[in-house]
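Raw my_file.pdb, PDB, C-alpha atoms:
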```
ATOM      1  CA  MET A  90      -8.166 -22.331 -27.006
ATOM      2  CA  ASN A  91      -6.633 -23.914 -30.121
ATOM      3  CA  VAL A  92      -3.300 -25.737 -30.333
ATOM      4  CA  ARG A  93      -1.550 -22.735 -31.911
ATOM      5  CA  THR A  94      -2.558 -20.435 -29.020
ATOM      6  CA  LEU A  95      -1.739 -23.100 -26.450
ATOM      7  CA  THR A  96       1.756 -23.561 -27.919
ATOM      8  CA  LYS A  97       2.258 -19.796 -28.064
ATOM      9  CA  MET A  98       1.212 -19.483 -24.413
ATOM     10  CA  ALA A  99       3.604 -22.276 -23.364
ATOM     11  CA  LEU A 100       6.485 -20.659 -25.270
ATOM     12  CA  LEU A 101       5.769 -17.216 -23.852
ATOM     13  CA  THR A 102       5.539 -18.626 -20.310
ATOM     14  CA  ALA A 103       8.942 -20.281 -20.773
ATOM     15  CA  VAL A 104      10.424 -17.045 -22.158
ATOM     16  CA  SER A 105       9.017 -15.017 -19.247
ATOM     17  CA  LEU A 106      10.517 -17.476 -16.729
ATOM     18  CA  ILE A 107      13.937 -17.274 -18.396
ATOM     19  CA  LEU A 108      13.766 -13.468 -18.557
ATOM     20  CA  GLY A 109      12.724 -13.372 -14.880
ATOM     21  CA  TRP A 110      15.719 -15.544 -13.981
ATOM     22  CA  ILE A 111      18.099 -13.299 -15.958
ATOM     23  CA  ASP A 112      16.462 -10.262 -14.333
ATOM     24  CA  SER A 113      17.166 -11.603 -10.843
ATOM     25  CA  MET A 114      20.894 -11.718 -11.689
ATOM     26  CA  ILE A 115      21.112  -8.074 -12.823
ATOM     27  CA  PRO A 116      21.753  -5.778  -9.874
ATOM     28  CA  ILE A 117      20.198  -2.344 -10.462
ATOM     29  CA  LEU A 118      20.446  -0.573  -7.110
ATOM     30  CA  PRO A 119      21.386  -3.161  -4.471
ATOM     31  CA  GLN A 120      20.895  -0.639  -1.656
ATOM     32  CA  ILE A 121      17.220  -0.224  -2.587
ATOM     33  CA  PRO A 122      15.589  -3.642  -2.303
ATOM     34  CA  GLY A 123      12.874  -4.715  -4.690
ATOM     35  CA  ILE A 124      14.101  -2.813  -7.734
ATOM     36  CA  LYS A 125      14.355  -4.896 -10.877
ATOM     37  CA  LEU A 126      14.362  -4.231 -14.605
ATOM     38  CA  GLY A 127      11.229  -6.342 -15.015
ATOM     39  CA  LEU A 128      12.428  -8.027 -18.213
ATOM     40  CA  ALA A 129       9.706 -10.673 -17.899
ATOM     41  CA  ASN A 130       7.119  -7.939 -18.376
ATOM     42  CA  LEU A 131       8.227  -7.743 -22.010
ATOM     43  CA  VAL A 132       6.233 -10.907 -22.536
ATOM     44  CA  LEU A 133       3.125  -9.415 -20.930
ATOM     45  CA  LEU A 134       3.592  -6.295 -23.016
ATOM     46  CA  TYR A 135       3.705  -8.477 -26.126
ATOM     47  CA  ALA A 136       0.569 -10.300 -24.982
ATOM     48  CA  ALA A 137      -1.257  -7.010 -24.345
ATOM     49  CA  PHE A 138      -0.631  -5.980 -27.957
ATOM     50  CA  TYR A 139      -0.889  -9.255 -29.867
ATOM     51  CA  MET A 140      -3.138 -11.508 -27.799
ATOM     52  CA  THR A 141      -6.611 -11.351 -26.260
ATOM     53  CA  PRO A 142      -7.120  -9.835 -22.759
ATOM     54  CA  LEU A 143      -8.032 -13.270 -21.371
ATOM     55  CA  GLU A 144      -4.845 -14.818 -22.745
ATOM     56  CA  THR A 145      -2.812 -11.919 -21.330
ATOM     57  CA  VAL A 146      -4.294 -12.382 -17.844
ATOM     58  CA  LEU A 147      -3.755 -16.151 -18.052
ATOM     59  CA  LEU A 148      -0.137 -15.611 -19.093
ATOM     60  CA  MET A 149       0.417 -13.241 -16.162
ATOM     61  CA  LEU A 150      -1.039 -15.798 -13.719
ATOM     62  CA  LEU A 151       1.157 -18.556 -15.189
ATOM     63  CA  LYS A 152       4.253 -16.352 -15.004
ATOM     64  CA  VAL A 153       3.578 -15.279 -11.400
ATOM     65  CA  GLY A 154       2.580 -18.752 -10.224
ATOM     66  CA  LEU A 155       5.483 -20.618 -11.788
ATOM     67  CA  SER A 156       8.194 -18.065 -10.971
ATOM     68  CA  SER A 157       7.032 -17.930  -7.342
ATOM     69  CA  LEU A 158       7.031 -21.712  -7.201
ATOM     70  CA  LEU A 159      10.526 -21.982  -8.722
ATOM     71  CA  PHE A 160      12.356 -18.934  -7.376
ATOM     72  CA  GLY A 161      10.226 -17.367  -4.622
ATOM     73  CA  ASN A 162       7.925 -18.069  -1.710
ATOM     74  CA  ALA A 163       4.334 -17.346  -0.661
ATOM     75  CA  VAL A 164       5.107 -13.737   0.311
ATOM     76  CA  SER A 165       6.908 -12.966  -2.945
ATOM     77  CA  ALA A 166       3.953 -14.510  -4.812
ATOM     78  CA  LEU A 167       1.579 -12.052  -3.126
ATOM     79  CA  TYR A 168       3.761  -9.098  -4.141
ATOM     80  CA  ALA A 169       4.098 -10.417  -7.685
ATOM     81  CA  ILE A 170       0.388 -11.054  -8.118
ATOM     82  CA  ALA A 171      -0.584  -7.617  -6.788
ATOM     83  CA  GLY A 172       1.881  -5.905  -9.117
ATOM     84  CA  GLY A 173       0.997  -8.188 -12.020
ATOM     85  CA  VAL A 174      -2.776  -7.765 -11.754
ATOM     86  CA  LEU A 175      -2.616  -3.965 -11.556
ATOM     87  CA  SER A 176       0.039  -3.744 -14.264
ATOM     88  CA  VAL A 177      -1.806  -6.003 -16.720
ATOM     89  CA  ALA A 178      -5.142  -4.285 -16.042
ATOM     90  CA  THR A 179      -3.537  -0.885 -16.712
ATOM     91  CA  MET A 180      -1.766  -2.069 -19.868
ATOM     92  CA  LEU A 181      -4.961  -3.636 -21.244
ATOM     93  CA  LEU A 182      -6.918  -0.452 -20.533
ATOM     94  CA  MET A 183      -4.239   1.773 -22.072
ATOM     95  CA  ARG A 184      -4.100  -0.527 -25.091
ATOM     96  CA  ARG A 185      -7.682   0.485 -25.895
ATOM     97  CA  VAL A 186      -6.593   4.078 -26.512
ATOM     98  CA  ARG A 187      -6.263   4.532 -30.272
ATOM     99  CA  GLY A 188      -2.789   5.226 -31.612
ATOM    100  CA  ILE A 189      -1.067   4.622 -28.282
ATOM    101  CA  SER A 190       2.607   3.647 -28.428
ATOM    102  CA  VAL A 191       4.155   0.631 -26.752
ATOM    103  CA  ILE A 192       6.444   2.951 -24.739
ATOM    104  CA  THR A 193       3.446   4.740 -23.200
ATOM    105  CA  VAL A 194       1.710   1.447 -22.355
ATOM    106  CA  SER A 195       4.906   0.042 -20.850
ATOM    107  CA  THR A 196       5.480   3.182 -18.739
ATOM    108  CA  PHE A 197       1.973   3.094 -17.284
ATOM    109  CA  GLY A 198       2.346  -0.656 -16.700
ATOM    110  CA  GLY A 199       5.628  -0.131 -14.829
ATOM    111  CA  ILE A 200       4.130   2.535 -12.561
ATOM    112  CA  ALA A 201       1.017   0.405 -11.917
ATOM    113  CA  HIS A 202       3.217  -2.577 -11.034
ATOM    114  CA  ILE A 203       4.985  -0.541  -8.331
ATOM    115  CA  ILE A 204       1.684   0.833  -6.968
ATOM    116  CA  GLY A 205       0.301  -2.719  -6.697
ATOM    117  CA  GLN A 206       3.391  -3.944  -4.868
ATOM    118  CA  CYS A 207       3.391  -0.955  -2.502
ATOM    119  CA  ALA A 208      -0.296  -1.575  -1.720
ATOM    120  CA  ILE A 209       0.327  -5.200  -0.759
ATOM    121  CA  GLY A 210       3.417  -4.100   1.204
ATOM    122  CA  CYS A 211       1.274  -1.653   3.200
ATOM    123  CA  ILE A 212      -1.074  -4.536   4.078
ATOM    124  CA  LEU A 213       1.567  -7.175   4.852
ATOM    125  CA  LEU A 214       4.093  -4.950   6.636
ATOM    126  CA  SER A 215       3.021  -1.518   7.725
ATOM    127  CA  PRO A 216       2.549   1.588   5.561
ATOM    128  CA  ARG A 217       5.491   3.461   7.053
ATOM    129  CA  PRO A 218       8.503   1.485   5.767
ATOM    130  CA  VAL A 219       6.762   0.911   2.439
ATOM    131  CA  LEU A 220       5.948   4.592   1.930
ATOM    132  CA  THR A 221       9.548   5.450   2.823
ATOM    133  CA  TYR A 222      10.613   3.442  -0.222
ATOM    134  CA  ALA A 223       7.699   4.345  -2.472
ATOM    135  CA  PRO A 224       9.260   7.487  -4.038
ATOM    136  CA  TRP A 225      12.373   5.549  -5.129
ATOM    137  CA  LEU A 226      10.296   2.666  -6.391
ATOM    138  CA  LEU A 227       7.960   4.945  -8.368
ATOM    139  CA  VAL A 228      10.841   6.709 -10.102
ATOM    140  CA  CYS A 229      12.435   3.351 -10.932
ATOM    141  CA  GLY A 230       9.058   2.020 -12.156
ATOM    142  CA  LEU A 231       8.799   4.971 -14.519
ATOM    143  CA  LEU A 232      12.358   4.616 -15.826
ATOM    144  CA  THR A 233      12.258   0.842 -16.274
ATOM    145  CA  GLY A 234       8.835   1.188 -17.931
ATOM    146  CA  VAL A 235      10.239   3.599 -20.521
ATOM    147  CA  LEU A 236      13.339   1.426 -21.019
ATOM    148  CA  LEU A 237      11.310  -1.758 -21.519
ATOM    149  CA  GLY A 238       8.967   0.098 -23.844
ATOM    150  CA  VAL A 239      11.891   1.135 -26.057
ATOM    151  CA  GLY A 240      13.153  -2.471 -26.080
ATOM    152  CA  ALA A 241       9.670  -3.818 -26.795
ATOM    153  CA  ARG A 242       9.165  -1.404 -29.687
ATOM    154  CA  ALA A 243      12.342  -2.685 -31.338
ATOM    155  CA  ALA A 244      11.306  -6.300 -30.698
ATOM    156  CA  PHE A 245       7.764  -5.743 -32.033
ATOM    157  CA  TYR A 246       9.191  -4.110 -35.145
ATOM    158  CA  GLY A 247      11.320  -7.201 -35.751
ATOM    159  CA  ILE A 248       8.411  -9.576 -35.115
ATOM    160  CA  GLU A 249       6.084  -7.663 -37.458
ATOM    161  CA  ARG A 250       8.722  -7.578 -40.193
ATOM    162  CA  TYR A 251       9.251 -11.326 -39.841
ATOM    163  CA  GLU A 252       5.494 -11.972 -39.972
ATOM    164  CA  ARG A 253       5.141  -9.788 -43.079
ATOM    165  CA  ARG A 254       8.013 -11.559 -44.822
ATOM    166  CA  ARG A 255       6.607 -14.964 -43.915
ATOM    167  CA  SER A 256       3.122 -14.182 -45.183
ATOM    168  CA  ALA A 257       4.433 -12.585 -48.397
TER     169      ALA A 257
ATOM    170  CA  MET B 107      -0.947  14.831 -45.912
ATOM    171  CA  MET B 108      -3.810  13.245 -43.946
ATOM    172  CA  GLU B 109      -1.563  10.376 -42.848
ATOM    173  CA  GLN B 110       1.126  12.827 -41.739
ATOM    174  CA  LYS B 111      -1.431  14.673 -39.585
ATOM    175  CA  THR B 112      -2.626  11.405 -37.988
ATOM    176  CA  THR B 113       0.969  10.433 -37.168
ATOM    177  CA  GLU B 114       1.558  13.863 -35.666
ATOM    178  CA  ASN B 115      -1.660  13.565 -33.589
ATOM    179  CA  ARG B 116      -0.563  10.155 -32.299
ATOM    180  CA  ARG B 117       2.851  11.510 -31.352
ATOM    181  CA  VAL B 118       1.283  14.424 -29.452
ATOM    182  CA  LYS B 119      -1.164  12.070 -27.704
ATOM    183  CA  ASN B 120       1.644   9.737 -26.608
ATOM    184  CA  LEU B 121       3.833  12.601 -25.483
ATOM    185  CA  LEU B 122       0.952  14.060 -23.455
ATOM    186  CA  LEU B 123       0.261  10.690 -21.837
ATOM    187  CA  LEU B 124       3.949  10.157 -21.039
ATOM    188  CA  GLY B 125       4.134  13.699 -19.658
ATOM    189  CA  GLY B 126       1.113  12.872 -17.507
ATOM    190  CA  ALA B 127       2.873   9.764 -16.190
ATOM    191  CA  VAL B 128       6.020  11.746 -15.357
ATOM    192  CA  LEU B 129       3.925  14.435 -13.669
ATOM    193  CA  PHE B 130       2.029  11.802 -11.670
ATOM    194  CA  VAL B 131       5.264  10.213 -10.435
ATOM    195  CA  ALA B 132       6.837  13.591  -9.652
ATOM    196  CA  LEU B 133       3.775  14.726  -7.666
ATOM    197  CA  SER B 134       3.594  11.385  -5.835
ATOM    198  CA  VAL B 135       7.282  11.592  -4.920
ATOM    199  CA  VAL B 136       6.902  15.155  -3.613
ATOM    200  CA  LEU B 137       3.749  14.271  -1.669
ATOM    201  CA  LEU B 138       5.306  11.118  -0.197
ATOM    202  CA  LEU B 139       8.439  12.986   0.830
ATOM    203  CA  VAL B 140       6.617  16.000   2.286
ATOM    204  CA  LEU B 141       3.672  14.213   3.870
ATOM    205  CA  ARG B 142       5.650  11.180   4.987
ATOM    206  CA  PRO B 143       3.581   9.324   7.585
ATOM    207  CA  ASP B 144       4.769   9.913  11.152
ATOM    208  CA  ALA B 145       7.285  12.440   9.855
ATOM    209  CA  GLY B 146       9.306  13.695  12.769
ATOM    210  CA  ALA B 147       8.237  10.846  15.071
ATOM    211  CA  ARG B 148      11.074   8.775  16.491
ATOM    212  CA  ASP B 149      11.420   5.212  15.307
ATOM    213  CA  ARG B 150      11.282   2.601  18.046
ATOM    214  CA  PHE B 151      12.286  -0.961  18.664
ATOM    215  CA  VAL B 152      10.216  -2.995  21.106
ATOM    216  CA  ILE B 153      12.102  -5.810  22.819
ATOM    217  CA  ARG B 154       9.848  -8.469  24.315
ATOM    218  CA  TYR B 155      11.109 -11.016  26.815
ATOM    219  CA  GLY B 156      10.152 -13.086  29.846
ATOM    220  CA  ASN B 157       6.533 -13.191  30.902
ATOM    221  CA  GLU B 158       5.059 -10.587  28.502
ATOM    222  CA  GLN B 159       7.556  -7.935  29.560
ATOM    223  CA  SER B 160       8.779  -5.388  27.071
ATOM    224  CA  LEU B 161      11.332  -2.634  26.701
ATOM    225  CA  THR B 162      11.088   0.184  24.158
ATOM    226  CA  VAL B 163      14.308   1.628  22.768
ATOM    227  CA  PHE B 164      14.329   4.587  20.375
ATOM    228  CA  ALA B 165      16.165   3.875  17.148
ATOM    229  CA  ASP B 166      18.343   6.979  17.470
ATOM    230  CA  GLU B 167      19.760   5.704  20.775
ATOM    231  CA  THR B 168      22.997   3.749  20.970
ATOM    232  CA  ARG B 169      22.479   0.986  23.450
ATOM    233  CA  THR B 170      23.172  -2.650  24.201
ATOM    234  CA  VAL B 171      20.425  -4.595  25.914
ATOM    235  CA  VAL B 172      21.269  -7.852  27.663
ATOM    236  CA  ILE B 173      18.478 -10.289  28.456
ATOM    237  CA  ARG B 174      19.246 -13.367  30.514
ATOM    238  CA  ASN B 175      16.676 -16.009  31.398
ATOM    239  CA  GLY B 176      13.701 -13.718  30.857
ATOM    240  CA  ALA B 177      15.052 -10.646  32.648
ATOM    241  CA  ILE B 178      17.166  -7.592  31.826
ATOM    242  CA  ALA B 179      20.776  -8.113  32.912
ATOM    243  CA  GLU B 180      23.522  -5.580  33.564
ATOM    244  CA  GLU B 181      26.152  -7.017  31.264
ATOM    245  CA  ALA B 182      26.791  -9.958  28.985
ATOM    246  CA  THR B 183      28.496 -12.942  30.557
ATOM    247  CA  GLY B 184      27.888 -15.617  27.925
ATOM    248  CA  GLU B 185      25.851 -17.737  30.325
ATOM    249  CA  SER B 186      23.046 -19.921  29.009
ATOM    250  CA  GLY B 187      19.714 -18.217  28.251
ATOM    251  CA  GLU B 188      21.391 -14.969  27.204
ATOM    252  CA  ASN B 189      20.674 -12.614  24.287
ATOM    253  CA  VAL B 190      22.613  -9.452  23.547
ATOM    254  CA  ILE B 191      20.759  -6.917  21.382
ATOM    255  CA  ARG B 192      22.548  -3.917  19.909
ATOM    256  CA  ILE B 193      20.754  -0.722  18.829
ATOM    257  CA  GLU B 194      22.820   1.793  16.863
ATOM    258  CA  ASP B 195      22.258   4.279  13.993
ATOM    259  CA  GLY B 196      18.573   3.347  13.621
ATOM    260  CA  LYS B 197      19.413  -0.343  13.343
ATOM    261  CA  ALA B 198      18.922  -3.242  15.726
ATOM    262  CA  TRP B 199      20.479  -6.676  15.578
ATOM    263  CA  MET B 200      21.069  -9.692  17.765
ATOM    264  CA  GLN B 201      24.756  -9.375  18.569
ATOM    265  CA  THR B 202      25.178 -12.670  20.395
ATOM    266  CA  ALA B 203      22.940 -15.365  21.800
ATOM    267  CA  THR B 204      23.529 -18.608  23.625
ATOM    268  CA  CYS B 205      20.585 -20.379  22.015
ATOM    269  CA  PRO B 206      21.278 -23.732  20.254
ATOM    270  CA  HIS B 207      21.448 -22.696  16.586
ATOM    271  CA  HIS B 208      21.959 -18.904  16.801
ATOM    272  CA  GLU B 209      19.273 -18.363  14.193
ATOM    273  CA  CYS B 210      18.354 -15.030  15.760
ATOM    274  CA  VAL B 211      21.921 -13.799  15.206
ATOM    275  CA  ARG B 212      21.720 -14.846  11.560
ATOM    276  CA  GLN B 213      18.428 -12.980  11.050
ATOM    277  CA  GLY B 214      20.454  -9.858  10.328
ATOM    278  CA  VAL B 215      19.889  -6.170  10.801
ATOM    279  CA  LEU B 216      16.464  -4.706  11.500
ATOM    280  CA  SER B 217      15.770  -1.135  10.396
ATOM    281  CA  ALA B 218      13.267   0.922   8.412
ATOM    282  CA  GLU B 219      15.302   0.138   5.299
ATOM    283  CA  THR B 220      15.479  -3.642   5.758
ATOM    284  CA  VAL B 221      11.977  -4.556   6.968
ATOM    285  CA  GLY B 222      10.688  -4.839   3.404
ATOM    286  CA  THR B 223      13.234  -7.456   2.417
ATOM    287  CA  ARG B 224      13.729  -9.564   5.515
ATOM    288  CA  PRO B 225      11.905 -12.911   5.594
ATOM    289  CA  LEU B 226      10.658 -12.079   9.107
ATOM    290  CA  GLY B 227       9.762  -8.512   8.159
ATOM    291  CA  THR B 228       9.699  -6.284  11.224
ATOM    292  CA  TRP B 229      10.900  -8.975  13.638
ATOM    293  CA  ILE B 230      13.982 -10.632  15.038
ATOM    294  CA  VAL B 231      12.897 -13.686  16.955
ATOM    295  CA  CYS B 232      14.824 -15.962  19.304
ATOM    296  CA  ALA B 233      12.286 -18.721  19.800
ATOM    297  CA  PRO B 234      14.322 -20.865  22.269
ATOM    298  CA  HIS B 235      14.762 -17.938  24.675
ATOM    299  CA  GLY B 236      11.359 -16.310  24.053
ATOM    300  CA  VAL B 237      13.001 -13.012  23.076
ATOM    301  CA  SER B 238      11.887 -10.849  20.175
ATOM    302  CA  VAL B 239      12.756  -7.453  18.759
ATOM    303  CA  GLU B 240      10.147  -5.600  16.733
ATOM    304  CA  TYR B 241      10.670  -2.550  14.551
ATOM    305  CA  ALA B 242       7.655  -0.497  15.610
ATOM    306  CA  GLY B 243       8.135   2.580  13.420
ATOM    307  CA  GLY B 244       7.380   6.000  14.798
ATOM    308  CA  ALA B 245       3.657   5.650  15.531
ATOM    309  CA  GLU B 246       2.481   5.865  19.120
TER     310      GLU B 246
END
```
What's the structure tokens form of this structure?
Amino acid sequence: MNVRTLTKMALLTAVSLILGWIDSMIPILPQIPGIKLGLANLVLLYAAFYMTPLETVLLMLLKVGLSSLLFGNAVSALYAIAGGVLSVATMLLMRRVRGISVITVSTFGGIAHIIGQCAIGCILLSPRPVLTYAPWLLVCGLLTGVLLGVGARAAFYGIERYERRRSA
Amino acid sequence: MMEQKTTENRRVKNLLLLGGAVLFVALSVVLLLVLRPDAGARDRFVIRYGNEQSLTVFADETRTVVIRNGAIAEEATGESGENVIRIEDGKAWMQTATCPHHECVRQGVLSAETVGTRPLGTWIVCAPHGVSVEYAGGAE
């Protein structure tokens, strides 16, 4: 890994931590626990499109590890890693489809994230309370995935335009 | 012309994939709601106390359980070694306790909706008095 990639990784990790912190302060549906916008996933979405799969996985592990260390506990780390692994794996697989849009990748990533978290919830708690929540969580995963995808598309457009102007 | 067709193909592909995602979520939601595990079974709380004794209370009951020094008591008196557990509207909580720090009282409400977010998950535990309440779902 060269210095440029290392610096980029460090910056993206910092951005994901800040976005995660902002995310924790935005109440979506307080009566349904566990629902968040998932702003920090914007960074992983960026990595899935502009970085190598290995760098994307490394970034996800850094994000999960550091945010759990700073804001969470061991249990929240397990939920985050299950959601993160499944979400990143899905996004990297979807990314291989030619001509796929960032909104589609983000939507599948959001749904996969919820499935991963529900799976770990079924193991740690019991399936019943988790499956009671699962329908709500899945719908929210879909909606936040689409929303983040729209945001990411605008951000990627800006980044690409900046890169083009810089290289011109 | 060729480029326009490629763009159109990409749009159709993405729309189909997004439609697939929506369909997947919709089917999952319907399946989870219809085939909910233990659907129809009554939720239970298991209260454990004393020397491996336990009492099961259905979540749809409205009841106050008083445990004093490892045994079920008739009513709360506020004596030492006492825990008062309230079950109402599918929720259970430690109403009062005479333990040193009242941590069990601060552990909050236990119900199907809260088990996923509580630090102790399906449990309310009063360690000094050896009393616990477990949300046991509807399974036998």
At a cut-off of 6 Å, list the chain B residues touching chain A, using all atoms listed in the file, as a list in words.
-> Arg116, Leu124, Val135 and Ala218 of chain B
The selected residues should be written to file as a short mmCIF file (atom, residue, chain, number, x, y, z; two decimals), keeping the file's coordinate frame (atoms: C-alpha atoms).
```cif
data_model
loop_
_atom_site.label_atom_id
_atom_site.label_comp_id
_atom_site.auth_asym_id
_atom_site.auth_seq_id
_atom_site.Cartn_x
_atom_site.Cartn_y
_atom_site.Cartn_z
CA ARG B 116 -0.56 10.15 -32.30
CA LEU B 124 3.95 10.16 -21.04
CA VAL B 135 7.28 11.59 -4.92
CA ALA B 218 13.27 0.92 8.41
#
```
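Look at Ala182 (chain B): the protein and nucleic acid residues within 9 Å of it, using only C-alpha atoms and passing over chain neighbours fewer than 3 places away, are Val171, Val172, Ile173, Arg174, Ala179, Glu185, Glu188, Asn189 and Val190 of chain B.
Closest approach to Met149 (chain A) among A:Ser195, A:Thr94, A:Ser113, A:Thr102 is made by A:Thr102 (distances from all atoms listed in the file).
The residues caught by the PyMOL selection byres ((chain B and resi 208) around 12) in this file are Gly187, Glu188, Asn189, Val190, Met200, Gln201, Thr202, Ala203, Thr204, Cys205, Pro206, His207, Glu209, Cys210, Val211, Arg212, Gln213, Gly214, Ile230, Val231, Cys232, Ala233, Pro234 and His235 of chain B.
The space separating CA of Lys197 (chain B) from CA of Leu138 (chain B) comes to 22.7 Å.
Take CA of Val104 (chain A) and CA of Ala129 (chain A): the distance between them is 7.7 Å.
With CA of Thr179 (chain A) on one side and CA of Ala201 (chain A) on the other, the separation reads 6.7 Å.
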What lies within 7 Å of Arg154 (chain B) using all atoms listed in the file, ignoring chain neighbours under 2 positions off, as a list in words?
-> Val152, Glu158, Gln159, Ser160, Leu161, Val237, Ser238 and Val239 of chain B
Quick one: which residues end up in the PyMOL selection byres ((chain A and resi 133-135) around 10) for this structure, as a PyMOL selection string?
-> chain A and resi 101-102+105+128-132+136-140+144-146+148-149+152+173+176-177+180-181+184+191-192+194-195+198+237-238+241-242+244-245
Keeping N, CA and C atoms (and nothing else), can you write region 168-188 of chain A of this structure as a compact mmCIF listing (two decimals), in the first residue's frame?
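Output file selection.txt is given in full below:
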```
# COMPACT_ATOMS: atom_id res chain seq x y z
N TYR A 168 -22.81 -6.70 16.09
CA TYR A 168 -23.88 -6.32 15.16
C TYR A 168 -23.30 -5.56 13.96
N ALA A 169 -22.40 -4.63 14.26
CA ALA A 169 -21.84 -3.79 13.20
C ALA A 169 -21.00 -4.62 12.23
N ILE A 170 -20.26 -5.57 12.76
CA ILE A 170 -19.38 -6.35 11.88
C ILE A 170 -20.20 -7.30 11.01
N ALA A 171 -21.27 -7.85 11.59
CA ALA A 171 -22.12 -8.76 10.80
C ALA A 171 -22.78 -7.99 9.65
N GLY A 172 -23.33 -6.82 9.99
CA GLY A 172 -23.97 -5.99 8.96
C GLY A 172 -22.95 -5.50 7.94
N GLY A 173 -21.79 -5.08 8.44
CA GLY A 173 -20.75 -4.52 7.57
C GLY A 173 -20.21 -5.56 6.60
N VAL A 174 -19.91 -6.74 7.09
CA VAL A 174 -19.35 -7.79 6.23
C VAL A 174 -20.32 -8.15 5.10
N LEU A 175 -21.58 -8.38 5.48
CA LEU A 175 -22.58 -8.79 4.47
C LEU A 175 -22.84 -7.64 3.48
N SER A 176 -22.90 -6.42 4.03
CA SER A 176 -23.18 -5.26 3.18
C SER A 176 -22.04 -5.02 2.19
N VAL A 177 -20.81 -5.05 2.67
CA VAL A 177 -19.66 -4.81 1.79
C VAL A 177 -19.53 -5.93 0.75
N ALA A 178 -19.73 -7.17 1.20
CA ALA A 178 -19.65 -8.30 0.25
C ALA A 178 -20.69 -8.14 -0.86
N THR A 179 -21.91 -7.75 -0.47
CA THR A 179 -22.98 -7.56 -1.47
C THR A 179 -22.65 -6.41 -2.41
N MET A 180 -22.17 -5.29 -1.84
CA MET A 180 -21.87 -4.13 -2.69
C MET A 180 -20.73 -4.44 -3.67
N LEU A 181 -19.72 -5.19 -3.18
CA LEU A 181 -18.60 -5.52 -4.07
C LEU A 181 -19.04 -6.48 -5.18
N LEU A 182 -19.94 -7.39 -4.85
CA LEU A 182 -20.46 -8.31 -5.86
C LEU A 182 -21.32 -7.58 -6.89
N MET A 183 -22.20 -6.69 -6.37
CA MET A 183 -23.08 -5.94 -7.27
C MET A 183 -22.27 -5.01 -8.19
N ARG A 184 -21.17 -4.52 -7.63
CA ARG A 184 -20.31 -3.59 -8.38
C ARG A 184 -19.77 -4.23 -9.65
N ARG A 185 -19.69 -5.56 -9.63
CA ARG A 185 -19.13 -6.28 -10.79
C ARG A 185 -20.11 -6.33 -11.96
N VAL A 186 -21.39 -6.05 -11.67
CA VAL A 186 -22.39 -6.04 -12.75
C VAL A 186 -22.16 -4.80 -13.62
N ARG A 187 -22.03 -5.00 -14.90
CA ARG A 187 -21.71 -3.87 -15.80
C ARG A 187 -22.87 -2.88 -15.89
N GLY A 188 -22.54 -1.61 -15.81
CA GLY A 188 -23.54 -0.55 -15.97
C GLY A 188 -24.45 -0.36 -14.78
```
